[in-house]
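File shown: input.txt (compact mmCIF, C-alpha atoms).
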```
# COMPACT_ATOMS: atom_id res chain seq x y z
CA MET A 1 -86.50 -239.85 -71.86
CA THR A 2 -89.34 -241.95 -73.26
CA ARG A 3 -91.87 -240.16 -75.47
CA LEU A 4 -95.38 -239.87 -74.03
CA VAL A 5 -98.50 -239.93 -76.18
CA LEU A 6 -101.88 -238.95 -74.73
CA ALA A 7 -104.66 -240.96 -76.38
CA SER A 8 -107.25 -238.25 -75.77
CA ALA A 9 -108.20 -234.90 -77.23
CA SER A 10 -109.63 -233.75 -73.89
CA PRO A 11 -108.32 -230.34 -72.84
CA ARG A 12 -109.26 -231.26 -69.25
CA ARG A 13 -106.91 -234.25 -69.28
CA LEU A 14 -104.08 -232.10 -70.67
CA ALA A 15 -104.64 -229.54 -67.91
CA LEU A 16 -104.71 -232.24 -65.23
CA LEU A 17 -101.44 -233.71 -66.51
CA ALA A 18 -99.87 -230.25 -66.45
CA GLN A 19 -100.97 -229.95 -62.82
CA ILE A 20 -98.59 -232.83 -61.94
CA GLY A 21 -95.82 -231.61 -64.25
CA VAL A 22 -96.46 -234.02 -67.13
CA LYS A 23 -96.51 -232.73 -70.71
CA PRO A 24 -97.27 -235.27 -73.45
CA ASP A 25 -95.03 -235.14 -76.50
CA GLU A 26 -98.02 -235.81 -78.71
CA VAL A 27 -101.82 -236.03 -78.53
CA MET A 28 -103.49 -238.71 -80.67
CA ALA A 29 -107.16 -239.20 -79.91
CA ALA A 30 -108.17 -242.86 -80.07
CA ASP A 31 -111.26 -243.58 -82.14
CA ILE A 32 -113.04 -246.61 -80.69
CA ASP A 33 -116.62 -247.80 -80.26
CA GLU A 34 -117.60 -246.84 -76.71
CA THR A 35 -120.86 -248.81 -76.64
CA PRO A 36 -121.20 -250.87 -73.45
CA LEU A 37 -121.28 -254.63 -73.94
CA LYS A 38 -124.39 -256.53 -72.90
CA GLY A 39 -124.29 -256.98 -69.11
CA GLU A 40 -121.08 -254.95 -68.74
CA THR A 41 -120.76 -253.17 -65.39
CA PRO A 42 -119.76 -249.48 -65.27
CA ARG A 43 -116.38 -250.28 -63.67
CA LEU A 44 -115.52 -252.93 -66.29
CA LEU A 45 -116.63 -250.58 -69.08
CA ALA A 46 -114.29 -247.80 -67.85
CA LEU A 47 -111.35 -250.22 -67.69
CA ARG A 48 -112.08 -251.84 -71.06
CA LEU A 49 -112.42 -248.51 -72.87
CA ALA A 50 -109.21 -247.12 -71.34
CA ARG A 51 -107.32 -250.26 -72.39
CA GLN A 52 -108.79 -250.23 -75.91
CA LYS A 53 -107.90 -246.56 -76.35
CA ALA A 54 -104.31 -247.22 -75.29
CA GLU A 55 -104.06 -250.21 -77.63
CA ALA A 56 -105.66 -248.31 -80.55
CA VAL A 57 -102.92 -245.69 -80.67
CA ASN A 58 -99.96 -246.85 -82.73
CA ALA A 59 -96.97 -245.02 -81.34
CA ASP A 60 -93.79 -247.04 -81.70
CA SER A 61 -91.28 -246.71 -78.85
CA ALA A 62 -93.59 -244.34 -76.92
CA VAL A 63 -95.59 -244.72 -73.76
CA VAL A 64 -99.32 -244.25 -74.42
CA LEU A 65 -101.69 -242.91 -71.76
CA ALA A 66 -105.44 -243.36 -72.13
CA ALA A 67 -108.45 -242.92 -69.86
CA ASP A 68 -112.21 -243.21 -69.89
CA THR A 69 -114.76 -241.89 -67.41
CA VAL A 70 -118.13 -243.53 -66.77
CA VAL A 71 -120.89 -242.08 -64.58
CA ALA A 72 -123.37 -244.55 -63.12
CA VAL A 73 -126.34 -244.79 -60.81
CA GLY A 74 -126.23 -248.36 -59.61
CA ARG A 75 -125.53 -250.47 -62.70
CA ARG A 76 -127.15 -247.87 -64.97
CA ILE A 77 -124.55 -246.18 -67.16
CA LEU A 78 -125.32 -242.55 -67.96
CA PRO A 79 -124.48 -241.25 -71.44
CA LYS A 80 -122.07 -238.54 -72.48
CA ALA A 81 -124.91 -236.09 -72.98
CA GLU A 82 -125.19 -234.81 -76.55
CA THR A 83 -128.71 -233.34 -76.46
CA GLU A 84 -130.50 -231.10 -74.00
CA GLN A 85 -132.97 -233.91 -73.28
CA GLU A 86 -130.16 -236.35 -72.48
CA ALA A 87 -128.66 -233.79 -70.10
CA ARG A 88 -132.06 -233.16 -68.44
CA ASP A 89 -132.58 -236.91 -68.02
CA CYS A 90 -129.12 -237.29 -66.44
CA LEU A 91 -129.66 -234.39 -64.05
CA ALA A 92 -133.11 -235.72 -63.08
CA LEU A 93 -131.54 -239.08 -62.23
CA LEU A 94 -128.64 -237.51 -60.28
CA SER A 95 -130.79 -235.00 -58.35
CA GLY A 96 -130.77 -235.75 -54.62
CA ARG A 97 -128.85 -239.00 -55.09
CA THR A 98 -125.45 -240.57 -54.75
CA HIS A 99 -123.80 -241.74 -57.95
CA ARG A 100 -120.44 -243.20 -58.80
CA VAL A 101 -117.84 -242.00 -61.23
CA TYR A 102 -115.42 -244.64 -62.52
CA THR A 103 -112.32 -243.59 -64.41
CA GLY A 104 -110.18 -246.26 -65.97
CA VAL A 105 -106.57 -245.39 -66.78
CA ALA A 106 -104.37 -247.44 -69.08
CA VAL A 107 -100.69 -247.02 -69.84
CA LYS A 108 -99.14 -248.93 -72.72
CA ALA A 109 -95.39 -249.22 -72.22
CA ALA A 110 -93.00 -248.78 -75.14
CA GLY A 111 -92.76 -252.59 -75.33
CA GLY A 112 -96.53 -252.95 -75.67
CA ALA A 113 -97.49 -254.19 -72.19
CA VAL A 114 -100.63 -252.47 -70.86
CA ARG A 115 -101.26 -251.77 -67.17
CA THR A 116 -104.55 -250.39 -65.89
CA ARG A 117 -105.99 -248.82 -62.76
CA LEU A 118 -109.52 -247.85 -61.79
CA ALA A 119 -110.55 -244.92 -59.62
CA GLU A 120 -114.02 -245.01 -58.08
CA THR A 121 -115.52 -241.84 -56.63
CA ARG A 122 -118.88 -241.39 -54.92
CA VAL A 123 -120.57 -238.06 -55.62
CA VAL A 124 -123.73 -236.77 -53.93
CA PHE A 125 -125.92 -234.15 -55.61
CA LYS A 126 -128.38 -231.88 -53.83
CA VAL A 127 -132.02 -232.00 -54.94
CA LEU A 128 -132.09 -229.83 -58.07
CA SER A 129 -134.94 -227.42 -58.73
CA ARG A 130 -136.43 -227.12 -62.20
CA ASP A 131 -134.88 -223.63 -62.45
CA GLU A 132 -131.41 -224.95 -61.54
CA VAL A 133 -131.66 -227.66 -64.18
CA GLU A 134 -132.78 -225.18 -66.86
CA ARG A 135 -130.00 -222.71 -66.00
CA TYR A 136 -127.46 -225.49 -66.23
CA ILE A 137 -128.87 -226.68 -69.56
CA ALA A 138 -128.69 -223.10 -70.86
CA SER A 139 -124.99 -222.95 -69.95
CA GLY A 140 -124.15 -225.69 -72.48
CA GLU A 141 -121.45 -226.92 -70.11
CA TRP A 142 -123.00 -230.42 -70.03
CA ARG A 143 -122.41 -231.10 -73.73
CA GLY A 144 -120.29 -234.21 -74.27
CA LYS A 145 -119.79 -234.78 -70.53
CA ALA A 146 -120.31 -238.18 -68.92
CA GLY A 147 -123.45 -237.95 -66.80
CA GLY A 148 -124.32 -234.58 -68.32
CA TYR A 149 -122.27 -232.40 -65.98
CA ALA A 150 -118.80 -230.94 -65.41
CA ILE A 151 -117.82 -230.91 -61.72
CA GLN A 152 -115.03 -228.40 -62.38
CA GLY A 153 -117.57 -225.90 -63.66
CA LEU A 154 -121.00 -224.66 -62.70
CA ALA A 155 -122.15 -228.09 -61.48
CA ALA A 156 -119.75 -227.82 -58.54
CA ARG A 157 -122.51 -225.94 -56.71
CA TYR A 158 -124.71 -229.07 -56.78
CA VAL A 159 -122.21 -231.42 -55.10
CA THR A 160 -122.89 -231.89 -51.38
CA ASN A 161 -120.32 -234.63 -50.81
CA LEU A 162 -117.51 -236.36 -52.67
CA ILE A 163 -115.62 -239.44 -51.51
CA GLY A 164 -112.66 -240.36 -53.68
CA SER A 165 -110.67 -238.57 -56.35
CA TYR A 166 -111.85 -235.14 -57.50
CA SER A 167 -109.47 -235.24 -60.49
CA SER A 168 -110.98 -238.58 -61.51
CA VAL A 169 -114.43 -236.99 -61.76
CA ILE A 170 -112.91 -234.37 -64.08
CA GLY A 171 -111.47 -237.19 -66.19
CA LEU A 172 -108.07 -238.38 -64.93
CA PRO A 173 -107.17 -239.70 -61.46
CA LEU A 174 -103.79 -238.09 -60.92
CA PHE A 175 -102.41 -240.40 -58.22
CA GLU A 176 -103.09 -243.55 -60.25
CA THR A 177 -101.89 -241.90 -63.47
CA ALA A 178 -98.60 -240.72 -61.95
CA ASN A 179 -97.89 -244.20 -60.58
CA LEU A 180 -98.64 -245.91 -63.89
CA LEU A 181 -96.47 -243.45 -65.83
CA GLU A 182 -93.60 -243.85 -63.40
CA GLY A 183 -93.85 -247.63 -63.70
CA ALA A 184 -93.69 -247.35 -67.50
CA GLY A 185 -90.63 -245.09 -67.41
CA ALA A 186 -92.39 -241.97 -68.63
```
Will you turn the file into structure tokens for me?
Amino acid sequence: MTRLVLASASPRRLALLAQIGVKPDEVMAADIDETPLKGETPRLLALRLARQKAEAVNADSAVVLAADTVVAVGRRILPKAETEQEARDCLALLSGRTHRVYTGVAVKAAGGAVRTRLAETRVVFKVLSRDEVERYIASGEWRGKAGGYAIQGLAARYVTNLIGSYSSVIGLPLFETANLLEGAGA
């Protein structure tokens, strides 16, 4: 059996993999610059970052799995919120609107070849009241999350519609991931 390395320290991605019966042999978070390139679209950013993460992990004779999730309103890429103000700004932009979540997945085969897939999910938020935003900010759940929210947590109550992959919005589209891993022999 080929060794599998997850190029992410995300506990959510580990839990999602476990959901489909996949347990990485090792976790090695990839340290790359995630700054969007000038003019880069959200979908291309998600794919590029997933590929770069997979390529950044040096794991001889192992399959490497990497992913990156980007939340966007139109071509505007929302940050992984690190401050309360960033989270408030994200929630203000998402309130009452449809946004897209792009998750790029990359699998580097033991021989070094990299294959990628992109999952695109449309998510609709209800109009958020000031009180709802402040309660969500107080929860701290938004910290480090693309778009300033975690759909698998308290923010689930704000989602009125979702078209696409729920697991992708959490951080790893399971259908695409399973197919890539199977193709790489992992």
Original post:
So, counting only C-alpha atoms, which residue among A:Asp68, A:Glu120, A:Glu55, A:Glu134 is closest to Ala92 of chain A?
Top reply: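 Nearest candidate to Ala92 of chain A out of A:Asp68, A:Glu120, A:Glu55, A:Glu134: A:Glu134.
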Original post:
Excluding same-chain residues fewer than 3 positions from Leu45 of chain A, what lies within 9 Å of it counting all atoms listed in the file, as a list of chain:residue names?
Top reply: A:Glu34, A:Thr35, A:Pro36, A:Leu37, A:Glu40, A:Thr41, A:Pro42, A:Arg48, A:Leu49, A:Ala50, A:Asp68, A:Val70, A:Tyr102, A:Gly104
Subject >> One-decimal distance in Å that lies between atom CA of Ser167 of chain A and atom CA of Ile151 of chain A >> reply: 9.5 Å
Original post:
How far is it from atom CA of Asp31 of chain A to atom CA of Ile170 of chain A, in Å with one decimal?
Top reply: 20.3 Å
Dump as a Markdown table the rows for residues of segment 147-172 of chain A within 12 Å of segment 82-85 of chain A: closest atom pair and distance in Å with one decimal, all atoms listed in the file counted, ordered by chain and rising residue number.
```
| residue | atom | partner | partner_atom | distance |
| --- | --- | --- | --- | --- |
| A:Gly147 | CA | A:Glu82 | CA | 10.4 |
| A:Gly148 | CA | A:Glu82 | CA | 8.3 |
| A:Tyr149 | CA | A:Glu82 | CA | 11.2 |
```
Original post:
Can you tell me how far atom CA of Asn179 of chain A sits from atom CA of Asn161 of chain A, in Å to one decimal?
Top reply: 26.3 Å
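Counting only C-alpha atoms, the residue from A:Ala155, A:Leu162, A:Leu180, A:Ala109 that sits nearest to Arg135 of chain A is A:Ala155.
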Subject >> Proximity to Ala119 of chain A - best of A:Val107, A:Ala67, A:Leu93, A:Ala81, all atoms listed in the file >> reply: A:Ala67
